[in-house]
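Note: the block below is structure-v6.cif and it holds mmCIF, C-alpha atoms.
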data_coords
loop_
_atom_site.label_atom_id
_atom_site.label_comp_id
_atom_site.auth_asym_id
_atom_site.auth_seq_id
_atom_site.Cartn_x
_atom_site.Cartn_y
_atom_site.Cartn_z
CA MET A 1 78.62 86.57 109.16
CA LYS A 2 78.75 87.49 112.85
CA ARG A 3 78.94 83.84 113.85
CA TYR A 4 81.74 83.27 111.35
CA LEU A 5 83.71 86.24 112.65
CA LEU A 6 83.29 85.05 116.24
CA LEU A 7 84.51 81.54 115.38
CA ARG A 8 87.53 82.86 113.50
CA VAL A 9 88.48 85.19 116.35
CA LEU A 10 88.18 82.32 118.83
CA GLN A 11 90.46 80.24 116.60
CA LEU A 12 93.16 82.85 117.07
CA VAL A 13 93.56 81.85 120.71
CA PRO A 14 94.83 78.25 120.24
CA VAL A 15 96.80 79.24 117.14
CA THR A 16 98.57 82.01 119.04
CA LEU A 17 99.23 79.65 121.97
CA VAL A 18 100.84 77.05 119.70
CA VAL A 19 102.93 79.73 118.01
CA ILE A 20 104.18 81.04 121.36
CA VAL A 21 105.21 77.55 122.47
CA LEU A 22 106.94 76.77 119.17
CA ASN A 23 108.77 80.09 119.17
CA PHE A 24 109.96 79.48 122.71
CA LEU A 25 111.18 75.98 121.80
CA LEU A 26 112.99 77.08 118.64
CA VAL A 27 114.71 80.05 120.26
CA HIS A 28 115.89 78.02 123.25
CA MET A 29 117.04 75.12 121.06
CA ALA A 30 119.34 77.45 119.10
CA PRO A 31 123.05 76.92 119.80
CA GLY A 32 124.86 79.24 122.16
CA ASP A 33 124.35 80.50 125.69
CA VAL A 34 122.36 83.71 126.10
CA SER A 35 124.01 84.41 129.44
CA ILE A 36 127.45 84.46 127.76
CA VAL A 37 126.14 86.91 125.16
CA LEU A 38 124.83 89.15 127.94
CA ALA A 39 127.84 88.89 130.24
CA GLY A 40 130.61 88.68 127.64
CA ASP A 41 133.01 85.91 126.67
CA SER A 42 135.49 86.80 129.41
CA ALA A 43 132.95 86.93 132.28
CA ASP A 44 133.79 84.91 135.39
CA PRO A 45 131.53 82.02 136.46
CA ALA A 46 130.10 83.94 139.41
CA TYR A 47 128.90 86.77 137.18
CA LEU A 48 127.46 84.26 134.69
CA ALA A 49 125.53 82.62 137.52
CA THR A 50 124.19 86.03 138.55
CA ILE A 51 123.06 86.76 134.99
CA ARG A 52 121.31 83.38 134.70
CA GLU A 53 119.51 83.94 138.00
CA ARG A 54 118.47 87.49 137.12
CA TYR A 55 116.85 86.44 133.83
CA GLY A 56 115.55 83.10 135.06
CA LEU A 57 117.86 81.14 132.79
CA ASP A 58 118.87 78.83 135.66
CA ARG A 59 115.33 77.50 136.08
CA PRO A 60 114.07 74.25 134.50
CA PHE A 61 112.88 74.55 130.91
CA ILE A 62 109.23 73.76 131.68
CA GLU A 63 109.19 76.41 134.40
CA GLN A 64 110.69 78.98 132.02
CA LEU A 65 108.04 78.15 129.41
CA TRP A 66 105.19 78.40 131.93
CA ARG A 67 106.43 81.71 133.29
CA TYR A 68 106.68 83.07 129.76
CA LEU A 69 103.16 81.93 128.87
CA VAL A 70 101.77 83.61 131.98
CA GLN A 71 103.76 86.75 131.20
CA VAL A 72 102.52 86.94 127.59
CA GLY A 73 98.98 86.14 128.69
CA SER A 74 99.06 89.24 130.87
CA GLY A 75 100.09 91.36 127.85
CA ASP A 76 103.77 91.62 128.77
CA LEU A 77 106.27 90.56 126.08
CA GLY A 78 109.20 91.09 128.40
CA VAL A 79 112.16 93.48 128.40
CA SER A 80 114.87 93.69 125.75
CA PHE A 81 118.25 92.38 126.85
CA ARG A 82 120.03 95.08 124.85
CA SER A 83 118.07 98.28 125.33
CA ARG A 84 116.34 97.40 128.64
CA GLU A 85 113.13 98.77 127.08
CA PRO A 86 109.78 96.92 127.07
CA VAL A 87 109.65 94.66 124.01
CA PHE A 88 106.13 95.71 123.00
CA ALA A 89 107.06 99.41 123.10
CA GLU A 90 110.21 98.73 121.08
CA ILE A 91 108.25 96.79 118.46
CA MET A 92 105.55 99.43 118.20
CA SER A 93 108.16 102.15 117.73
CA ARG A 94 109.42 100.34 114.61
CA VAL A 95 106.02 99.48 113.11
CA PRO A 96 105.29 102.89 111.45
CA ALA A 97 108.54 102.81 109.47
CA THR A 98 107.88 99.27 108.23
CA LEU A 99 104.25 100.00 107.37
CA LEU A 100 105.32 103.08 105.40
CA LEU A 101 107.95 101.16 103.44
CA VAL A 102 106.21 97.82 102.83
CA GLY A 103 102.72 99.30 102.54
CA THR A 104 103.80 101.72 99.83
CA SER A 105 105.65 99.08 97.81
CA LEU A 106 102.83 96.56 98.21
CA ALA A 107 100.20 99.04 97.03
CA LEU A 108 102.28 100.00 94.00
CA SER A 109 103.06 96.41 93.02
CA VAL A 110 99.44 95.24 93.40
CA VAL A 111 97.89 98.13 91.45
CA LEU A 112 100.49 98.26 88.68
CA GLY A 113 100.83 94.48 88.43
CA THR A 114 97.07 93.93 88.18
CA ILE A 115 96.61 96.64 85.55
CA ILE A 116 99.54 95.44 83.42
CA GLY A 117 98.50 91.79 83.72
CA ALA A 118 94.91 92.54 82.73
CA TRP A 119 96.12 94.68 79.82
CA ILE A 120 98.33 91.98 78.25
CA ALA A 121 95.71 89.27 78.90
CA ARG A 122 93.49 90.76 76.20
CA ARG A 123 95.87 89.44 73.52
CA PRO A 124 97.27 86.12 74.80
CA GLY A 125 100.15 84.74 72.78
CA SER A 126 101.07 88.07 71.23
CA ALA A 127 104.60 89.44 71.18
CA LEU A 128 103.64 91.95 73.89
CA ASP A 129 102.22 89.18 76.07
CA SER A 130 105.33 87.03 75.69
CA GLY A 131 107.71 89.92 76.29
CA VAL A 132 105.97 91.28 79.39
CA SER A 133 105.49 87.77 80.82
CA ALA A 134 109.20 87.00 80.39
CA LEU A 135 110.09 90.31 82.03
CA ALA A 136 107.73 89.55 84.91
CA VAL A 137 109.43 86.20 85.54
CA ALA A 138 112.84 87.89 85.48
CA LEU A 139 111.73 90.55 87.97
CA PHE A 140 110.22 88.00 90.33
CA SER A 141 113.40 85.91 90.21
CA MET A 142 115.67 88.75 91.29
CA PRO A 143 117.03 88.53 94.87
CA VAL A 144 115.78 91.67 96.57
CA PHE A 145 119.03 92.25 98.49
CA TRP A 146 121.08 92.02 95.27
CA LEU A 147 118.74 94.43 93.50
CA GLY A 148 118.96 96.81 96.46
CA LEU A 149 122.76 96.75 96.41
CA MET A 150 122.83 97.37 92.65
CA MET A 151 120.52 100.36 93.09
CA VAL A 152 122.73 101.75 95.83
CA LEU A 153 125.80 101.42 93.60
CA LEU A 154 124.05 103.10 90.66
CA PHE A 155 121.91 105.84 92.16
CA ALA A 156 123.76 106.60 95.42
CA VAL A 157 127.41 105.88 94.61
CA GLN A 158 127.78 106.49 90.87
CA LEU A 159 125.08 109.07 90.09
CA GLN A 160 124.76 110.43 93.67
CA VAL A 161 121.15 111.48 93.13
CA LEU A 162 119.48 109.53 95.97
CA PRO A 163 120.44 108.73 99.57
CA ALA A 164 121.70 105.21 100.21
CA MET A 165 120.54 104.48 103.72
CA GLY A 166 118.41 105.55 106.65
CA MET A 167 114.94 107.05 106.80
CA SER A 168 116.03 110.69 106.99
CA SER A 169 119.12 112.84 106.81
CA VAL A 170 121.03 113.57 110.00
CA ASP A 171 121.06 117.30 109.28
CA GLY A 172 117.69 117.35 107.48
CA PRO A 173 114.54 119.21 108.53
CA ARG A 174 112.60 117.80 111.48
CA ASP A 175 109.08 118.91 110.57
CA GLY A 176 106.95 120.38 107.82
CA PHE A 177 107.09 119.72 104.11
CA GLY A 178 110.88 119.54 104.18
CA ARG A 179 110.68 116.54 106.50
CA VAL A 180 108.17 114.81 104.20
CA LEU A 181 110.36 115.43 101.17
CA ASP A 182 113.45 114.14 102.98
CA VAL A 183 111.72 110.89 103.99
CA ALA A 184 110.30 110.49 100.47
CA GLN A 185 113.80 110.74 98.98
CA HIS A 186 115.08 108.06 101.35
CA MET A 187 112.10 105.83 100.46
CA VAL A 188 112.74 105.78 96.72
CA LEU A 189 115.42 103.07 96.58
CA PRO A 190 113.98 100.59 99.12
CA VAL A 191 110.44 101.01 97.76
CA LEU A 192 111.69 100.59 94.21
CA SER A 193 113.54 97.41 95.19
CA LEU A 194 110.53 95.81 96.88
CA THR A 195 108.09 96.94 94.19
CA THR A 196 110.25 95.67 91.33
CA VAL A 197 110.52 92.18 92.79
CA SER A 198 106.84 91.92 93.75
CA LEU A 199 105.57 93.45 90.51
CA GLY A 200 106.41 90.41 88.40
CA GLN A 201 104.39 88.11 90.64
CA TYR A 202 101.22 90.20 90.36
CA ILE A 203 101.63 90.64 86.61
CA ARG A 204 101.74 86.87 86.14
CA LEU A 205 98.84 86.24 88.51
CA SER A 206 96.62 88.89 86.97
CA ARG A 207 97.47 87.89 83.42
CA SER A 208 96.67 84.21 83.97
CA ALA A 209 93.47 84.89 85.90
CA VAL A 210 92.09 87.47 83.45
CA ALA A 211 92.95 85.32 80.42
CA GLU A 212 91.09 82.39 81.96
CA VAL A 213 88.02 84.47 82.83
CA LEU A 214 87.89 86.02 79.35
CA GLY A 215 87.38 82.54 77.98
CA GLU A 216 84.24 81.89 80.05
CA SER A 217 80.83 81.65 78.41
CA TYR A 218 79.32 84.54 80.34
CA ILE A 219 82.02 86.86 78.94
CA THR A 220 80.99 85.76 75.44
CA THR A 221 77.38 86.57 76.33
CA VAL A 222 78.31 90.01 77.65
CA ARG A 223 80.24 90.76 74.46
CA ALA A 224 77.32 89.55 72.34
CA ILE A 225 75.00 92.00 74.12
CA GLY A 226 77.22 94.79 72.87
CA PHE A 227 79.06 96.07 75.92
CA PRO A 228 82.31 97.92 75.18
CA GLU A 229 85.49 95.87 75.61
CA ARG A 230 86.65 98.17 78.41
CA THR A 231 83.43 97.46 80.35
CA VAL A 232 83.78 93.73 79.71
CA LEU A 233 87.34 93.73 81.01
CA MET A 234 87.04 96.04 84.01
CA HIS A 235 83.53 95.27 85.26
CA TYR A 236 82.95 91.62 84.43
CA ALA A 237 86.34 89.94 83.93
CA LEU A 238 88.69 91.68 86.31
CA ARG A 239 86.46 91.42 89.38
CA ASN A 240 86.26 87.62 89.14
CA ALA A 241 89.94 87.39 88.23
CA LEU A 242 90.99 89.21 91.40
CA LEU A 243 90.57 86.17 93.66
CA PRO A 244 94.10 84.75 93.08
CA VAL A 245 95.53 88.24 93.52
CA VAL A 246 93.63 88.65 96.78
CA THR A 247 94.98 85.30 97.99
CA VAL A 248 98.61 86.29 97.47
CA LEU A 249 97.96 89.79 98.78
CA GLY A 250 96.46 88.32 101.96
CA LEU A 251 99.57 86.22 102.54
CA GLN A 252 101.84 89.19 101.96
CA LEU A 253 99.75 91.41 104.22
CA GLY A 254 100.38 88.91 106.99
CA LEU A 255 104.10 89.41 106.50
CA VAL A 256 103.91 93.16 106.04
CA LEU A 257 105.55 93.87 109.41
CA THR A 258 108.51 91.53 108.99
CA GLY A 259 108.61 90.81 105.28
CA ALA A 260 111.33 93.36 104.46
CA VAL A 261 114.17 92.17 106.70
CA LEU A 262 116.69 92.01 103.85
CA THR A 263 115.63 95.31 102.33
CA GLU A 264 115.64 97.13 105.67
CA THR A 265 119.09 95.69 106.40
CA VAL A 266 120.55 96.74 103.03
CA PHE A 267 119.18 100.29 103.30
CA SER A 268 119.50 100.61 107.12
CA TRP A 269 115.77 101.34 107.29
CA PRO A 270 114.75 101.63 110.98
CA GLY A 271 111.81 99.21 110.79
CA LEU A 272 110.74 96.03 112.48
CA GLY A 273 112.65 93.83 110.05
CA ARG A 274 115.91 95.54 110.99
CA LEU A 275 114.98 95.20 114.67
CA ILE A 276 114.56 91.44 114.27
CA TYR A 277 117.86 91.18 112.38
CA ASP A 278 119.76 93.04 115.10
CA ALA A 279 118.01 91.02 117.82
CA ILE A 280 119.06 87.74 116.19
CA LEU A 281 122.69 88.86 116.00
CA ALA A 282 122.61 89.90 119.66
CA ARG A 283 120.60 86.83 120.82
CA ASP A 284 118.01 89.21 122.28
CA THR A 285 115.45 86.44 122.82
CA PRO A 286 112.62 88.58 124.27
CA VAL A 287 112.62 90.79 121.16
CA ILE A 288 112.86 87.78 118.82
CA MET A 289 109.97 85.93 120.44
CA GLY A 290 107.86 89.07 120.82
CA SER A 291 108.33 89.92 117.15
CA PHE A 292 107.34 86.40 116.13
CA ILE A 293 104.16 86.66 118.18
CA VAL A 294 103.22 89.97 116.57
CA MET A 295 103.99 88.50 113.16
CA SER A 296 101.83 85.41 113.80
CA VAL A 297 98.84 87.45 114.96
CA THR A 298 99.20 89.66 111.90
CA VAL A 299 99.17 86.61 109.60
CA ALA A 300 96.01 85.28 111.28
CA LEU A 301 94.23 88.63 111.00
CA ALA A 302 95.28 88.97 107.36
CA SER A 303 93.86 85.51 106.65
CA LEU A 304 90.55 86.55 108.18
CA ALA A 305 90.48 89.76 106.16
CA THR A 306 91.22 87.78 102.98
CA ASP A 307 88.22 85.52 103.55
CA LEU A 308 85.95 88.52 104.02
CA VAL A 309 87.24 90.18 100.83
CA TYR A 310 86.61 86.90 98.98
CA ALA A 311 82.95 87.04 99.96
CA ALA A 312 82.68 90.67 98.86
CA LEU A 313 84.27 90.00 95.46
CA ASP A 314 82.47 86.75 94.65
CA PRO A 315 78.99 86.00 96.05
CA ARG A 316 79.55 82.34 95.16
CA VAL A 317 82.09 82.04 97.92
CA LYS A 318 80.30 80.71 100.99
CA LEU A 319 81.62 81.38 104.46
CA ALA A 320 81.57 78.16 106.42
#
Whole structure, structure tokens version:
Amino acid sequence: MKRYLLLRVLQLVPVTLVVIVLNFLLVHMAPGDVSIVLAGDSADPAYLATIRERYGLDRPFIEQLWRYLVQVGSGDLGVSFRSREPVFAEIMSRVPATLLLVGTSLALSVVLGTIIGAWIARRPGSALDSGVSALAVALFSMPVFWLGLMMVLLFAVQLQVLPAMGMSSVDGPRDGFGRVLDVAQHMVLPVLSLTTVSLGQYIRLSRSAVAEVLGESYITTVRAIGFPERTVLMHYALRNALLPVVTVLGLQLGLVLTGAVLTETVFSWPGLGRLIYDAILARDTPVIMGSFIVMSVTVALASLATDLVYAALDPRVKLA
């Protein structure tokens, strides 16, 4: 296990290097001139030349790439063009809000989806199974931004029972239980949007996996011994059926920091997804590339964690 962990960690180095190079290429191949965005459309040529020299945009492409690799290798993701703040500090300031939003919705969708899927898998082909499965497909097919807008129109505009945007009220309490309650109220709509869309996926995954496991011969043997159906389902079937769920969960954990760009934009949630969206509109390349690096490392770490959970759930899985 230790050797496996060491090899996987070492693999992160070339993967991260390739990602940094690709991000740099893609961002610099995008149409438009960053110096014009920084200086303004009406800037005179002399000022544009000053801007290009200040940010190193007048240097050859290979030299810009090398300087960026050296800079990132030293732990410096650069400085934001817009806020003039260090990119890493700006990203880290947005991470808690995104983790709170996406983490809550992911936990709810995984737990509820797995329980519902395992429940309907006990009677495959029944009216309940068909109805819940059809509903799960419909939920998974919903565009999350459309669902978010519909919820805003219903609960914030028509009924006026929940706030429509932001993470807290401007005139709300700044500490204590009042602060917690205020943030919780602002979380309801975005969390409900993300959970609703993700829930259908986990219902379908859990239902298919549990139904397949319940047909295995060892389940028949366990039932013949006389174990209660609840024990058969929860202890013997569900544990082996969790592998597909863990696979999808691992992929979504890798995108947990930036996987809610649309939702954070619709609800003006001050997370990392909204930061990336604003950076793209402003052509703030240091923030864009720094966010992509953080996202890539998160995906790699989530993949490693998924492999370890596989081994814990199923002893038959061998770590190469």
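Pairwise distance (atom CA of A:Thr306, atom CA of A:Gly250) equals 5.4 Å.
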Exercise. Which residues, written as a list in words, have at least one atom at most 9 Å from A:Val183, with only C-alpha atoms counted and residues fewer than 6 positions away on the same chain left out?
Worked result: Gly166, Met167, Ser168 and Ser169 of chain A
Problem set entry | Non-local contacts of stretch 260-270 of chain A (10 Å; all atoms listed in the file; under 2 positions in same chain excluded) as a count of residues only | 40
Exercise. What residues come out when you apply the PyMOL selection byres ((chain A and resi 279) around 12) to this file, written as a ChimeraX atom specification?
Worked result: /A:27,34,37,80-83,87,90-91,261,272-278,280-292
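Between atom CA of A:Tyr55 and atom CA of A:Thr16 lies a distance of 23.9 Å.
What separates atom CA of A:Pro31 from atom CA of A:Phe61 is a distance of 15.2 Å.
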For this session: Report as a count of residues only the residues that result from applying the PyMOL selection byres ((chain A and resi 120) around 9) to the structure here.
Result: 17
Find the residues near stretch 13-15 of chain A: any atom within 10 Å, counting only C-alpha atoms, skip ones fewer than 5 places away on the same chain, and give them as a PDB file with C-alpha atoms, in the coordinates of the input.
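Wrote result_3.pdb, looks like this:
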ATOM      1  CA  ARG A   8      87.530  82.860 113.500  1.00  0.00           C
ATOM      2  CA  ILE A  20     104.180  81.040 121.360  1.00  0.00           C
ATOM      3  CA  SER A 296     101.830  85.410 113.800  1.00  0.00           C
ATOM      4  CA  VAL A 297      98.840  87.450 114.960  1.00  0.00           C
ATOM      5  CA  ALA A 300      96.010  85.280 111.280  1.00  0.00           C
TER       6      ALA A 300
END
For this session: Name all residues at most 12 Å from A:Ser217 (count all atoms listed in the file; drop same-chain ones fewer than 6 positions away) and give them as a PyMOL selection string.
Result: chain A and resi 223-224+236-237
Exercise. Which is closer to A:Asp58 than all the others in A:Glu85, A:Asp33, A:Glu229, A:Glu212, using all atoms listed in the file?
Worked result: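 Between A:Glu85, A:Asp33, A:Glu229, A:Glu212, the residue approaching A:Asp58 most closely is A:Asp33.
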For this session: Return the single residue from A:Gly200, A:Pro60, A:Pro244, A:Pro45 that is closest to A:Ala134, with distances computed using all atoms listed in the file.
Result: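 Comparing A:Gly200, A:Pro60, A:Pro244, A:Pro45 against A:Ala134, the winner is A:Gly200.
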For this session: Take the point (104.1, 94.5, 90.6) as written in the file and pick out every residue within 7 Å of it, counting only C-alpha atoms; give the list as number ranges by chain.
Result: A: 108-110, 112-113, 195-196, 198-203
Writing out the chosen residues with C-alpha atoms as an mmCIF file, in the frame of the given file:
data_model
loop_
_atom_site.group_PDB
_atom_site.id
_atom_site.type_symbol
_atom_site.label_atom_id
_atom_site.label_comp_id
_atom_site.auth_asym_id
_atom_site.auth_seq_id
_atom_site.Cartn_x
_atom_site.Cartn_y
_atom_site.Cartn_z
ATOM 1 C CA LEU A 108 102.280 100.000 94.000
ATOM 2 C CA SER A 109 103.060 96.410 93.020
ATOM 3 C CA VAL A 110 99.440 95.240 93.400
ATOM 4 C CA LEU A 112 100.490 98.260 88.680
ATOM 5 C CA GLY A 113 100.830 94.480 88.430
ATOM 6 C CA THR A 195 108.090 96.940 94.190
ATOM 7 C CA THR A 196 110.250 95.670 91.330
ATOM 8 C CA SER A 198 106.840 91.920 93.750
ATOM 9 C CA LEU A 199 105.570 93.450 90.510
ATOM 10 C CA GLY A 200 106.410 90.410 88.400
ATOM 11 C CA GLN A 201 104.390 88.110 90.640
ATOM 12 C CA TYR A 202 101.220 90.200 90.360
ATOM 13 C CA ILE A 203 101.630 90.640 86.610
#
